[in-house]
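Here is the file my_file.cif (mmCIF, C-alpha atoms and all ligand atoms).
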data_data
loop_
_atom_site.label_atom_id
_atom_site.label_comp_id
_atom_site.auth_asym_id
_atom_site.auth_seq_id
_atom_site.Cartn_x
_atom_site.Cartn_y
_atom_site.Cartn_z
CA MET H 1 194.31 9.21 173.10
CA SER H 2 192.76 9.39 169.64
CA ALA H 3 194.09 11.81 167.03
CA VAL H 4 190.67 13.42 166.81
CA ARG H 5 190.57 13.99 170.54
CA GLU H 6 194.06 15.47 170.50
CA LYS H 7 192.89 17.89 167.86
CA ILE H 8 189.97 18.96 170.01
CA LEU H 9 192.23 19.50 172.98
CA GLU H 10 194.38 21.87 170.97
CA ARG H 11 191.36 24.15 170.92
CA PRO H 12 189.81 23.59 174.33
CA GLU H 13 187.67 26.72 173.97
CA THR H 14 185.66 25.08 171.19
CA PRO H 15 185.48 21.36 171.98
CA ASP H 16 183.78 19.22 169.37
CA PHE H 17 181.04 17.67 171.44
CA ALA H 18 180.12 15.24 168.66
CA CYS H 19 183.59 13.67 168.95
CA LEU H 20 183.52 13.59 172.74
CA ARG H 21 180.62 11.15 172.53
CA ALA H 22 183.05 8.48 171.36
CA ASP H 23 184.79 8.70 174.74
CA PHE H 24 181.74 7.05 176.34
CA PRO H 25 181.64 3.46 175.04
CA ILE H 26 178.33 2.61 176.74
CA LEU H 27 176.48 5.05 174.50
CA ASN H 28 177.26 2.96 171.46
CA GLN H 29 174.51 0.35 171.87
CA GLN H 30 170.91 -0.38 170.97
CA VAL H 31 167.97 -0.62 173.34
CA HIS H 32 164.83 -2.36 172.04
CA GLY H 33 166.43 -2.28 168.61
CA LYS H 34 166.90 1.51 168.66
CA PRO H 35 170.11 3.49 169.22
CA LEU H 36 170.41 4.39 172.90
CA VAL H 37 169.53 8.00 173.68
CA TYR H 38 170.64 8.49 177.25
CA LEU H 39 168.80 11.39 178.90
CA ASP H 40 168.87 10.30 182.53
CA ASN H 41 172.04 12.16 183.42
CA ALA H 42 170.62 13.80 186.54
CA ALA H 43 170.26 10.31 188.00
CA THR H 44 173.79 9.33 186.97
CA THR H 45 176.14 10.19 184.11
CA GLN H 46 177.99 7.72 181.92
CA LYS H 47 181.75 7.31 182.33
CA PRO H 48 184.45 8.08 179.79
CA ALA H 49 186.77 5.18 178.97
CA GLU H 50 189.68 6.88 180.69
CA VAL H 51 187.83 6.90 184.04
CA ILE H 52 187.00 3.20 183.73
CA GLU H 53 190.60 2.54 182.75
CA ALA H 54 191.97 4.45 185.76
CA GLU H 55 189.92 2.30 188.15
CA ARG H 56 190.96 -0.87 186.32
CA ARG H 57 194.63 0.10 186.47
CA TYR H 58 194.44 0.72 190.20
CA TYR H 59 193.16 -2.82 190.78
CA LEU H 60 195.47 -4.38 188.17
CA GLU H 61 198.68 -2.56 189.08
CA TYR H 62 198.75 -0.97 192.53
CA ASN H 63 195.76 -2.03 194.61
CA SER H 64 196.79 -1.36 198.19
CA ASN H 65 195.47 0.46 201.25
CA THR H 66 196.34 4.15 201.70
CA HIS H 67 198.31 5.84 204.47
CA ARG H 68 198.99 2.56 206.26
CA GLY H 69 201.66 0.68 204.36
CA VAL H 70 205.35 1.31 203.96
CA HIS H 71 205.66 -0.66 200.75
CA THR H 72 205.75 0.53 197.17
CA LEU H 73 202.16 -0.30 196.21
CA ALA H 74 200.81 1.42 199.32
CA ASP H 75 202.86 4.51 198.47
CA ARG H 76 201.50 4.54 194.93
CA ALA H 77 197.93 4.15 196.14
CA THR H 78 198.35 6.90 198.74
CA GLU H 79 199.90 9.22 196.19
CA ALA H 80 197.07 8.64 193.72
CA TYR H 81 194.38 9.02 196.39
CA GLU H 82 195.84 12.24 197.77
CA GLY H 83 196.50 13.40 194.21
CA ALA H 84 192.78 13.03 193.56
CA ARG H 85 192.04 15.14 196.60
CA GLU H 86 194.27 17.89 195.22
CA LYS H 87 192.44 17.67 191.88
CA VAL H 88 189.11 18.15 193.67
CA ARG H 89 190.55 21.12 195.55
CA GLY H 90 191.66 22.76 192.33
CA PHE H 91 188.42 21.92 190.54
CA ILE H 92 186.20 23.75 193.04
CA ASN H 93 188.92 26.26 193.97
CA ALA H 94 189.01 25.41 197.67
CA ALA H 95 191.71 27.26 199.59
CA HIS H 96 193.19 24.21 201.35
CA ILE H 97 193.44 20.51 200.69
CA ASN H 98 192.27 19.74 204.25
CA GLU H 99 188.90 21.21 203.26
CA ILE H 100 188.19 18.27 200.92
CA VAL H 101 186.63 15.23 202.60
CA PHE H 102 185.94 12.09 200.55
CA VAL H 103 182.55 10.57 201.27
CA ARG H 104 180.19 8.18 199.46
CA GLY H 105 178.22 10.93 197.77
CA THR H 106 176.06 13.98 198.30
CA THR H 107 173.74 12.11 200.64
CA GLU H 108 176.54 11.12 202.97
CA ALA H 109 178.11 14.58 202.82
CA ILE H 110 174.87 16.23 203.97
CA ASN H 111 174.26 13.60 206.64
CA LEU H 112 177.78 14.18 207.91
CA VAL H 113 177.20 17.92 208.34
CA ALA H 114 173.69 17.49 209.76
CA HIS H 115 174.94 14.97 212.29
CA CYS H 116 178.14 16.74 213.34
CA PHE H 117 176.77 20.29 213.22
CA GLY H 118 173.66 19.15 215.08
CA ARG H 119 175.70 17.57 217.87
CA ALA H 120 177.89 20.61 218.27
CA PHE H 121 175.53 23.52 217.73
CA LEU H 122 171.82 22.66 217.65
CA ARG H 123 169.71 23.26 220.74
CA GLU H 124 165.97 23.22 221.54
CA GLY H 125 164.17 25.91 219.54
CA ASP H 126 166.98 26.52 217.02
CA GLU H 127 166.08 26.83 213.36
CA ILE H 128 167.39 25.41 210.08
CA ILE H 129 166.35 26.89 206.73
CA VAL H 130 165.89 24.73 203.63
CA SER H 131 163.90 25.40 200.44
CA GLU H 132 160.81 23.84 198.96
CA MET H 133 162.80 22.47 196.01
CA GLU H 134 165.25 20.33 197.99
CA HIS H 135 166.03 16.71 197.22
CA HIS H 136 165.11 14.39 200.11
CA SER H 137 168.85 14.15 200.85
CA ASN H 138 168.76 17.80 201.87
CA ILE H 139 165.54 17.50 203.90
CA VAL H 140 165.58 14.24 205.83
CA PRO H 141 169.05 14.59 207.45
CA TRP H 142 167.94 17.99 208.80
CA GLN H 143 164.65 16.55 210.04
CA LEU H 144 166.60 13.86 211.87
CA ALA H 145 168.89 16.49 213.43
CA CYS H 146 165.88 18.66 214.37
CA GLU H 147 164.16 15.67 215.96
CA GLN H 148 167.24 14.81 217.94
CA HIS H 149 167.96 18.31 219.21
CA GLY H 150 164.48 19.88 219.36
CA ALA H 151 165.18 22.25 216.47
CA VAL H 152 162.73 23.43 213.81
CA LEU H 153 162.87 23.26 209.99
CA LYS H 154 161.80 26.39 208.10
CA VAL H 155 161.08 26.29 204.39
CA VAL H 156 161.68 28.91 201.69
CA PRO H 157 158.82 28.69 199.18
CA ILE H 158 159.28 28.59 195.41
CA ASP H 159 157.11 30.47 192.92
CA ASP H 160 155.18 29.02 189.95
CA ALA H 161 158.26 29.10 187.74
CA GLY H 162 160.29 27.25 190.35
CA GLU H 163 162.34 30.26 191.41
CA PHE H 164 163.70 30.57 194.94
CA GLU H 165 161.61 33.27 196.67
CA PHE H 166 164.37 35.47 198.01
CA GLU H 167 162.13 37.93 199.86
CA ASN H 168 160.50 35.12 201.80
CA TYR H 169 163.93 33.67 202.53
CA ASP H 170 165.00 37.02 203.91
CA ARG H 171 162.00 37.05 206.23
CA LEU H 172 162.70 33.60 207.67
CA PHE H 173 165.82 34.69 209.57
CA THR H 174 165.46 35.03 213.34
CA PRO H 175 168.02 35.11 216.15
CA ARG H 176 167.51 31.32 216.38
CA THR H 177 168.59 30.58 212.77
CA ARG H 178 171.61 28.27 212.95
CA LEU H 179 172.17 27.02 209.39
CA VAL H 180 170.89 27.35 205.82
CA ALA H 181 170.93 24.26 203.54
CA VAL H 182 169.86 24.81 199.92
CA THR H 183 170.41 23.27 196.58
CA HIS H 184 172.61 24.92 193.96
CA VAL H 185 170.55 23.34 191.15
CA SER H 186 167.18 21.61 191.60
CA ASN H 187 167.12 18.04 190.30
CA ALA H 188 163.35 18.13 189.73
CA LEU H 189 163.06 21.56 188.08
CA GLY H 190 166.51 22.49 186.83
CA THR H 191 166.40 25.86 188.65
CA ILE H 192 169.79 27.38 189.37
CA THR H 193 169.42 29.11 192.72
CA PRO H 194 171.04 32.48 193.50
CA ALA H 195 173.62 30.68 195.63
CA ARG H 196 175.98 33.59 196.23
CA ARG H 197 173.18 35.94 197.32
CA ILE H 198 171.79 33.20 199.55
CA VAL H 199 175.17 32.87 201.24
CA GLU H 200 175.61 36.65 201.56
CA ARG H 201 172.24 37.03 203.25
CA ALA H 202 172.93 34.21 205.69
CA HIS H 203 176.41 35.49 206.51
CA ALA H 204 174.97 38.93 207.25
CA ALA H 205 173.15 37.16 210.09
CA GLY H 206 176.25 35.15 211.06
CA VAL H 207 174.67 31.91 209.76
CA PRO H 208 176.65 29.26 207.81
CA VAL H 209 175.39 27.80 204.52
CA LEU H 210 175.55 24.32 203.00
CA LEU H 211 175.02 24.10 199.25
CA ASP H 212 173.88 20.83 197.68
CA GLY H 213 175.90 20.78 194.46
CA ALA H 214 174.82 17.33 193.21
CA GLN H 215 173.25 18.76 190.05
CA ALA H 216 175.56 21.74 189.67
CA VAL H 217 179.20 20.61 189.51
CA ALA H 218 179.01 18.88 186.13
CA HIS H 219 177.14 21.68 184.42
CA GLY H 220 178.97 24.91 185.18
CA ARG H 221 181.95 26.36 186.96
CA VAL H 222 181.84 26.03 190.76
CA ASP H 223 184.15 28.20 192.83
CA VAL H 224 183.59 27.69 196.54
CA GLN H 225 185.65 30.75 197.45
CA TYR H 226 183.56 32.92 195.14
CA LEU H 227 180.34 31.41 196.51
CA ASP H 228 181.79 31.77 200.02
CA CYS H 229 179.65 28.82 201.15
CA ASP H 230 180.66 27.02 204.35
CA PHE H 231 179.91 23.54 203.01
CA TYR H 232 179.48 22.18 199.48
CA ALA H 233 178.38 18.62 198.73
CA PHE H 234 178.53 16.64 195.49
CA SER H 235 178.58 13.09 194.10
CA GLY H 236 181.22 11.72 191.75
CA HIS H 237 178.77 9.66 189.71
CA LYS H 238 176.95 12.76 188.50
CA ILE H 239 180.18 14.14 187.05
CA TYR H 240 181.32 11.19 184.93
CA ALA H 241 183.08 9.46 187.86
CA PRO H 242 182.32 6.14 189.57
CA THR H 243 179.49 5.59 192.05
CA GLY H 244 180.27 5.39 195.76
CA ILE H 245 182.57 8.40 195.86
CA GLY H 246 181.67 11.99 196.58
CA VAL H 247 182.96 15.13 198.21
CA LEU H 248 182.19 17.28 201.17
CA TYR H 249 183.92 20.64 201.00
CA GLY H 250 183.98 22.47 204.33
CA LYS H 251 185.77 25.65 205.29
CA SER H 252 188.72 24.82 207.54
CA GLU H 253 187.26 26.83 210.39
CA TRP H 254 184.20 24.54 210.42
CA LEU H 255 185.97 21.24 209.85
CA GLU H 256 188.31 22.03 212.71
CA ARG H 257 185.41 22.82 215.05
CA LEU H 258 182.97 20.03 214.24
CA PRO H 259 183.23 16.68 216.03
CA PRO H 260 184.01 13.53 213.97
CA TYR H 261 181.26 11.71 212.09
CA GLN H 262 182.22 8.07 212.51
CA GLY H 263 184.88 6.48 214.69
CA GLY H 264 187.41 3.95 213.50
CA GLY H 265 190.79 3.56 211.91
CA GLN H 266 192.44 6.38 210.03
CA MET H 267 190.66 9.22 211.86
CA ILE H 268 192.75 9.21 215.02
CA ARG H 269 196.08 10.54 216.26
CA THR H 270 196.27 8.35 219.37
CA VAL H 271 193.92 5.87 221.02
CA SER H 272 193.88 4.50 224.53
CA PHE H 273 190.99 3.15 226.58
CA GLU H 274 190.98 6.38 228.54
CA LYS H 275 191.07 8.88 225.69
CA THR H 276 191.24 9.20 221.92
CA GLU H 277 192.75 12.16 220.10
CA TYR H 278 191.46 12.75 216.60
CA ALA H 279 193.49 13.39 213.48
CA PRO H 280 193.01 16.78 211.80
CA SER H 281 190.63 17.19 208.85
CA PRO H 282 190.14 15.56 206.41
CA GLN H 283 191.27 12.29 208.08
CA LYS H 284 189.05 13.09 211.08
CA TYR H 285 186.03 12.55 208.81
CA GLU H 286 187.33 9.57 206.85
CA ALA H 287 187.11 6.64 209.25
CA GLY H 288 187.85 3.24 207.72
CA THR H 289 189.24 2.21 204.34
CA ALA H 290 188.22 4.67 201.67
CA HIS H 291 186.84 4.05 198.17
CA ILE H 292 190.36 4.48 196.82
CA ALA H 293 189.63 3.42 193.24
CA GLY H 294 186.59 5.69 193.20
CA ALA H 295 188.57 8.71 194.34
CA ILE H 296 191.19 8.04 191.67
CA GLY H 297 188.43 7.72 189.06
CA LEU H 298 186.92 10.98 190.28
CA GLY H 299 190.24 12.75 189.80
CA VAL H 300 190.43 11.50 186.22
CA ALA H 301 186.81 12.53 185.56
CA LEU H 302 187.51 16.04 186.84
CA ASP H 303 190.54 16.24 184.54
CA TYR H 304 188.30 15.21 181.66
CA VAL H 305 185.69 17.84 182.44
CA SER H 306 188.31 20.54 183.01
CA ARG H 307 189.97 19.76 179.66
CA THR H 308 186.62 19.96 177.93
CA GLY H 309 185.88 23.23 179.73
CA LEU H 310 183.06 23.97 182.14
CA ASP H 311 181.99 27.12 180.30
CA ALA H 312 181.82 25.24 177.00
CA ILE H 313 179.83 22.43 178.65
CA ALA H 314 177.43 24.94 180.22
CA SER H 315 176.75 26.69 176.94
CA HIS H 316 176.46 23.41 174.99
CA GLU H 317 173.88 22.10 177.48
CA ALA H 318 172.02 25.42 177.64
CA GLY H 319 171.64 25.35 173.85
CA LEU H 320 170.34 21.80 173.99
CA LEU H 321 167.90 22.57 176.78
CA ASP H 322 166.49 25.57 174.88
CA TYR H 323 166.12 23.51 171.72
CA ALA H 324 164.49 20.53 173.47
CA THR H 325 162.18 22.78 175.52
CA GLN H 326 161.06 24.68 172.46
CA ARG H 327 160.36 21.51 170.51
CA ALA H 328 158.62 19.80 173.45
CA ARG H 329 156.35 22.82 173.89
CA GLU H 330 155.05 22.31 170.36
CA ILE H 331 153.39 19.11 171.61
CA GLY H 332 149.79 19.87 172.61
CA GLY H 333 148.97 18.97 176.22
CA LEU H 334 152.60 19.00 177.36
CA ARG H 335 153.39 21.19 180.36
CA VAL H 336 156.94 21.98 181.40
CA ILE H 337 157.39 21.88 185.19
CA GLY H 338 160.14 24.31 186.12
CA THR H 339 160.47 27.42 183.98
CA ALA H 340 162.98 29.46 185.98
CA LYS H 341 165.04 32.01 184.05
CA GLU H 342 168.31 30.37 185.08
CA LYS H 343 168.18 26.62 184.47
CA ALA H 344 170.65 23.77 184.13
CA GLY H 345 169.98 21.00 181.59
CA ILE H 346 166.83 19.50 183.08
CA LEU H 347 163.48 19.25 181.28
CA SER H 348 160.70 18.04 183.60
CA PHE H 349 157.26 17.73 182.10
CA VAL H 350 153.78 16.22 182.31
CA LEU H 351 151.53 15.26 179.41
CA ASP H 352 147.73 15.41 179.58
CA GLY H 353 146.20 11.95 179.90
CA VAL H 354 149.48 10.00 180.10
CA HIS H 355 151.08 9.06 183.40
CA PRO H 356 154.80 9.94 183.58
CA HIS H 357 155.66 6.29 184.22
CA ASP H 358 153.87 5.31 181.01
CA ILE H 359 155.72 8.05 179.14
CA ALA H 360 159.06 6.74 180.40
CA THR H 361 158.17 3.14 179.50
CA ILE H 362 157.15 4.08 175.97
CA LEU H 363 160.23 6.27 175.58
CA ASP H 364 162.37 3.33 176.64
CA HIS H 365 160.88 1.30 173.81
CA HIS H 366 162.15 4.03 171.50
CA GLY H 367 165.61 3.71 173.04
CA VAL H 368 165.20 6.95 175.02
CA ALA H 369 166.16 6.72 178.70
CA VAL H 370 164.51 9.29 181.00
CA ARG H 371 163.43 9.20 184.62
CA ALA H 372 159.81 9.34 185.78
CA GLY H 373 158.60 9.75 189.34
CA HIS H 374 158.93 12.24 192.16
CA HIS H 375 162.72 12.40 191.71
CA CYS H 376 163.21 12.18 195.49
CA ALA H 377 161.72 15.66 195.70
CA MET H 378 158.15 14.98 196.85
CA PRO H 379 157.56 18.53 198.15
CA VAL H 380 158.16 19.79 194.59
CA MET H 381 155.47 17.45 193.28
CA GLN H 382 153.11 18.67 196.01
CA ARG H 383 153.87 22.29 195.09
CA TYR H 384 152.83 21.65 191.47
CA GLU H 385 150.01 19.27 192.44
CA VAL H 386 151.31 16.48 190.20
CA PRO H 387 152.01 12.89 191.32
CA ALA H 388 155.19 12.73 189.25
CA THR H 389 156.92 14.16 186.20
CA ALA H 390 158.91 12.71 183.33
CA ARG H 391 162.41 14.17 183.28
CA ALA H 392 164.97 14.39 180.52
CA SER H 393 168.38 15.59 181.69
CA PHE H 394 171.33 16.50 179.48
CA ALA H 395 175.06 15.93 179.65
CA LEU H 396 178.03 16.96 177.53
CA TYR H 397 177.67 13.98 175.16
CA ASN H 398 174.04 14.74 174.21
CA ASN H 399 173.13 16.46 170.97
CA ARG H 400 170.18 17.80 169.01
CA ALA H 401 169.48 14.39 167.53
CA ASP H 402 168.91 13.14 171.09
CA ALA H 403 166.47 15.98 171.70
CA ASP H 404 164.69 15.15 168.42
CA ALA H 405 164.45 11.47 169.39
CA LEU H 406 162.99 12.52 172.75
CA VAL H 407 160.33 14.69 171.13
CA GLU H 408 159.39 12.05 168.56
CA ALA H 409 159.06 9.42 171.30
CA ILE H 410 156.84 11.74 173.39
CA ARG H 411 154.65 12.26 170.32
CA ALA H 412 154.41 8.48 169.92
CA ALA H 413 153.38 8.15 173.60
CA LYS H 414 150.73 10.79 173.11
CA GLU H 415 149.46 9.02 170.01
CA MET H 416 149.19 5.69 171.87
CA PHE H 417 147.05 7.20 174.60
CA LYS H 418 144.77 9.11 172.25
CA ARG H 419 141.21 8.18 172.94
N1 LIG H 501 169.46 12.84 192.51
C1 LIG H 501 168.15 12.17 190.60
O1 LIG H 501 167.75 11.34 189.78
P1 LIG H 501 173.43 10.76 195.81
O2 LIG H 501 172.35 9.74 195.66
O3 LIG H 501 173.95 10.85 197.21
O4 LIG H 501 174.51 10.64 194.79
O5 LIG H 501 172.77 12.18 195.46
C2 LIG H 501 171.63 12.62 196.16
C3 LIG H 501 171.14 13.91 195.60
C4 LIG H 501 171.22 15.04 196.38
N2 LIG H 501 170.85 16.24 195.90
C5 LIG H 501 170.36 16.39 194.65
C6 LIG H 501 170.00 17.76 194.18
C7 LIG H 501 170.26 15.27 193.82
O6 LIG H 501 169.79 15.43 192.60
C8 LIG H 501 170.63 13.99 194.32
C9 LIG H 501 170.46 12.76 193.48
C10 LIG H 501 169.22 11.76 191.58
O7 LIG H 501 167.72 13.31 190.63
C11 LIG H 501 168.91 10.46 192.23
S1 LIG H 501 167.51 10.56 193.30
#
Would it be possible to restate this file's structure as structure tokens?
Amino acid sequence: MSAVREKILERPETPDFACLRADFPILNQQVHGKPLVYLDNAATTQKPAEVIEAERRYYLEYNSNTHRGVHTLADRATEAYEGAREKVRGFINAAHINEIVFVRGTTEAINLVAHCFGRAFLREGDEIIVSEMEHHSNIVPWQLACEQHGAVLKVVPIDDAGEFEFENYDRLFTPRTRLVAVTHVSNALGTITPARRIVERAHAAGVPVLLDGAQAVAHGRVDVQYLDCDFYAFSGHKIYAPTGIGVLYGKSEWLERLPPYQGGGQMIRTVSFEKTEYAPSPQKYEAGTAHIAGAIGLGVALDYVSRTGLDAIASHEAGLLDYATQRAREIGGLRVIGTAKEKAGILSFVLDGVHPHDIATILDHHGVAVRAGHHCAMPVMQRYEVPATARASFALYNNRADADALVEAIRAAKEMFKR
């Protein structure tokens, strides 16, 4: 660890974000001859060197399968893998370690719940509530479950600012409502939804809630006991960890009741041709060899974020978002899509006369990486009657100079398309 970094860690309440940037080696490069300004963090975040090193060390020093071996390397791998599970538990303040299931990412976590919950509890005419601002990963799995079991999807509208319309949500409940699945933070708009109130309302009707935390976990404190949600899904790669690893949190009472997702090794207690008994959660949901290195990397990434401090990260990113939004709004013809009062670090916008894909291409030539498209949230695009948006999304290593580079590159794009 560098001396500078040690100094920062002595005062974790005021981390020096400028120094933290050095922890992410990939950022130190040029793109099209310009310094890289990475603002596509909602798609995936970059990884600190210590996360990359943890994965490397696993493969170099103790690569082995977990839970199966009786040799030293297998013990080390199992200890590190289960240690990572405990880190996840602590990070989201889950009550029990058996409530933490390792999956590939948010998408798999939601599919797991939709599939298992559907099989166990959905019947013809039952209803699932989602919102208009969901990512496709929190729409399509429910559509598949509805199709299979004859259930119906009901949608909470959003208003012009991109706020969750709570009164309309309230009205959607009927005696047939079986589950609510909503995002904690919208990837297309940045809206932070009133997750705790959403859960409270659903619980008043005896209905469980799944929160999609893909865009939330890296940007503010998440406490699943405070939220009281029944399920919480997130991806490692959006919180400075490797791809291919993610987490499904589920309350014990649910994970004990739901049937398994996939069958295979690791998820059983006994197998015979007549009958198989399943292992308890989380093993019941983790058939096959896990992404062991990924889980270990995730544990290290969560340590990194915790040391930096979630509250400090949230306020750093909020400051950046305000600054970037204010400066972007000075550009004539630019419209911000998503102006909710409570937002995480996402700036979605359209620019008169320039297609978002063209904006992103020109920005790339200025070294600025953003995403353009429907962001896997087509209903949001339909709601705002735009084909796509350009989206800049912030992480802990971004700074005002990045926001300035973004704004200058947008101005250049505008200039190029001037008639
Ligand atoms: N959003 C984005 O650029 P996976 O792919 O499983 O890690 O995450 C899916 C997912 C689910 N919910 C939300 C709210 C998300 O933002 C995402 C991923 C990326 O916005 C890639 S489409």
Item checked: Selection: 6 Å around region 298-311 of chain H, only C-alpha atoms, excl. self and same-chain fewer than 2 positions, as a PyMOL selection string -> chain H and resi 51+84+87+220-221+236+240-241+295-296+313-314
Checklist line | Protein and nucleic residues near ligand LIG 501 (chain H), 9 Å, all atoms listed in the file, as a PyMOL selection string | finding: chain H and resi 40-44+104-110+133-138+183-188+212-216+233-238+243-246+371+374-377+391
Notebook entry, point to check: Skipping near chain neighbours, those fewer than 5 positions away, what residues fall within 12 Å of Tyr384 (chain H) using all atoms listed in the file, listed as an NGL selection string?
Noted result: :H and (132-133 or 158-162 or 188-189 or 335-338 or 348-350 or 374 or 377-379 or 389)
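Taking all atoms listed in the file into account, Val103 (chain H) lies nearest to H:Ile292 out of the set H:Ala49, H:Ala151, H:Val386, H:Ile292.
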Checklist line | Polymer residues at most 9 Å from Gly250 (chain H), only C-alpha atoms, same-chain spacing of 2 or more positions, as number ranges by chain | finding: H: 94, 98-101, 210, 229-233, 248, 252-255
Next item on the list: Please provide as a ChimeraX atom specification all residues within 7 Å of Tyr285 (chain H), with the sequence filter that same-chain residues fewer than 3 positions apart are discarded (counting all atoms listed in the file).
Entry: /H:101,260-262,267,281-282
Store the residues picked out above, limited to C-alpha atoms, as a PDB file, in the coordinates of the input.
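Wrote out_10.pdb, looks like this:
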ATOM      1  CA  VAL H 101     186.630  15.230 202.600  1.00  0.00           C
ATOM      2  CA  PRO H 260     184.010  13.530 213.970  1.00  0.00           C
ATOM      3  CA  TYR H 261     181.260  11.710 212.090  1.00  0.00           C
ATOM      4  CA  GLN H 262     182.220   8.070 212.510  1.00  0.00           C
ATOM      5  CA  MET H 267     190.660   9.220 211.860  1.00  0.00           C
ATOM      6  CA  SER H 281     190.630  17.190 208.850  1.00  0.00           C
ATOM      7  CA  PRO H 282     190.140  15.560 206.410  1.00  0.00           C
TER       8      PRO H 282
END
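Interatomic distance, CA of Glu147 (chain H) against CA of Arg176 (chain H): 16.0 Å.
Between CA of Ala202 (chain H) and CA of Val113 (chain H) the separation is 17.0 Å.
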Near-Ala344 (chain H) list (7 Å; only C-alpha atoms; drop same-chain fewer than 5 positions) as a PDB file with C-alpha atoms, in the coordinates of the input:
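Final file, out_13.pdb:
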ATOM      1  CA  GLY H 190     166.510  22.490 186.830  1.00  0.00           C
ATOM      2  CA  THR H 191     166.400  25.860 188.650  1.00  0.00           C
ATOM      3  CA  ILE H 192     169.790  27.380 189.370  1.00  0.00           C
ATOM      4  CA  HIS H 219     177.140  21.680 184.420  1.00  0.00           C
ATOM      5  CA  ALA H 318     172.020  25.420 177.640  1.00  0.00           C
TER       6      ALA H 318
END
Check: Rounded to one decimal in Å, what is the spacing between CA of Val156 (chain H) and CA of Val380 (chain H)?
Finding: 12.1 Å
Checklist line | Option closest in space to Asn65 (chain H), from H:Leu258, H:Ala293, H:Ala195, H:Ile128 [counting only C-alpha atoms] | finding: H:Ala293
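Among the candidate residues H:Thr66, H:Pro259, H:His291, H:Ile129, the one lying nearest to Glu277 (chain H) is H:Pro259, with distances computed using only C-alpha atoms.
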Note to self: Counting only C-alpha atoms, which residue out of H:Gly150, H:Gly264, H:Pro280, H:Gly345 sits closest to Leu122 (chain H)?
What the structure shows: H:Gly150
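Environment of (175.8, 25.2, 172.2): residues at most 12 Å away, judged by only C-alpha atoms, are Thr14, Pro15, Asp16, Phe17, Ala18, Asp311, Ala312, Ile313, Ala314, Ser315, His316, Glu317, Ala318, Gly319, Leu320, Leu321, Asp322, Tyr323, Gly345, Ala395, Leu396, Tyr397, Asn398, Asn399 and Arg400 of chain H.
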Keeping only C-alpha atoms, take the residues you just selected and write them out as a PDB file, keeping the file's coordinate frame.
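So the final result, stored in selection.pdb, reads:
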ATOM      1  CA  THR H  14     185.660  25.080 171.190  1.00  0.00           C
ATOM      2  CA  PRO H  15     185.480  21.360 171.980  1.00  0.00           C
ATOM      3  CA  ASP H  16     183.780  19.220 169.370  1.00  0.00           C
ATOM      4  CA  PHE H  17     181.040  17.670 171.440  1.00  0.00           C
ATOM      5  CA  ALA H  18     180.120  15.240 168.660  1.00  0.00           C
ATOM      6  CA  ASP H 311     181.990  27.120 180.300  1.00  0.00           C
ATOM      7  CA  ALA H 312     181.820  25.240 177.000  1.00  0.00           C
ATOM      8  CA  ILE H 313     179.830  22.430 178.650  1.00  0.00           C
ATOM      9  CA  ALA H 314     177.430  24.940 180.220  1.00  0.00           C
ATOM     10  CA  SER H 315     176.750  26.690 176.940  1.00  0.00           C
ATOM     11  CA  HIS H 316     176.460  23.410 174.990  1.00  0.00           C
ATOM     12  CA  GLU H 317     173.880  22.100 177.480  1.00  0.00           C
ATOM     13  CA  ALA H 318     172.020  25.420 177.640  1.00  0.00           C
ATOM     14  CA  GLY H 319     171.640  25.350 173.850  1.00  0.00           C
ATOM     15  CA  LEU H 320     170.340  21.800 173.990  1.00  0.00           C
ATOM     16  CA  LEU H 321     167.900  22.570 176.780  1.00  0.00           C
ATOM     17  CA  ASP H 322     166.490  25.570 174.880  1.00  0.00           C
ATOM     18  CA  TYR H 323     166.120  23.510 171.720  1.00  0.00           C
ATOM     19  CA  GLY H 345     169.980  21.000 181.590  1.00  0.00           C
ATOM     20  CA  ALA H 395     175.060  15.930 179.650  1.00  0.00           C
ATOM     21  CA  LEU H 396     178.030  16.960 177.530  1.00  0.00           C
ATOM     22  CA  TYR H 397     177.670  13.980 175.160  1.00  0.00           C
ATOM     23  CA  ASN H 398     174.040  14.740 174.210  1.00  0.00           C
ATOM     24  CA  ASN H 399     173.130  16.460 170.970  1.00  0.00           C
ATOM     25  CA  ARG H 400     170.180  17.800 169.010  1.00  0.00           C
TER      26      ARG H 400
END
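Ranking H:Leu20, H:Glu408, H:Gln283, H:Asn93 by their shortest atom-to-atom distance to Glu330 (chain H), with only C-alpha atoms included, puts H:Glu408 first.
The closest residue to Ala120 (chain H), picked from H:Ala205, H:Lys154, H:Arg257, H:Tyr62 and counting all atoms listed in the file, is H:Arg257.
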Output as JSON the centre and edge lengths (Å, one decimal) of the box along x, y and z of the file that holds every listed atom of region 58-75 of chain H after adding 8 Å on each side.
{"center_x": 199.5, "center_y": 0.7, "center_z": 197.2, "size_x": 28.6, "size_y": 26.2, "size_z": 34.1}
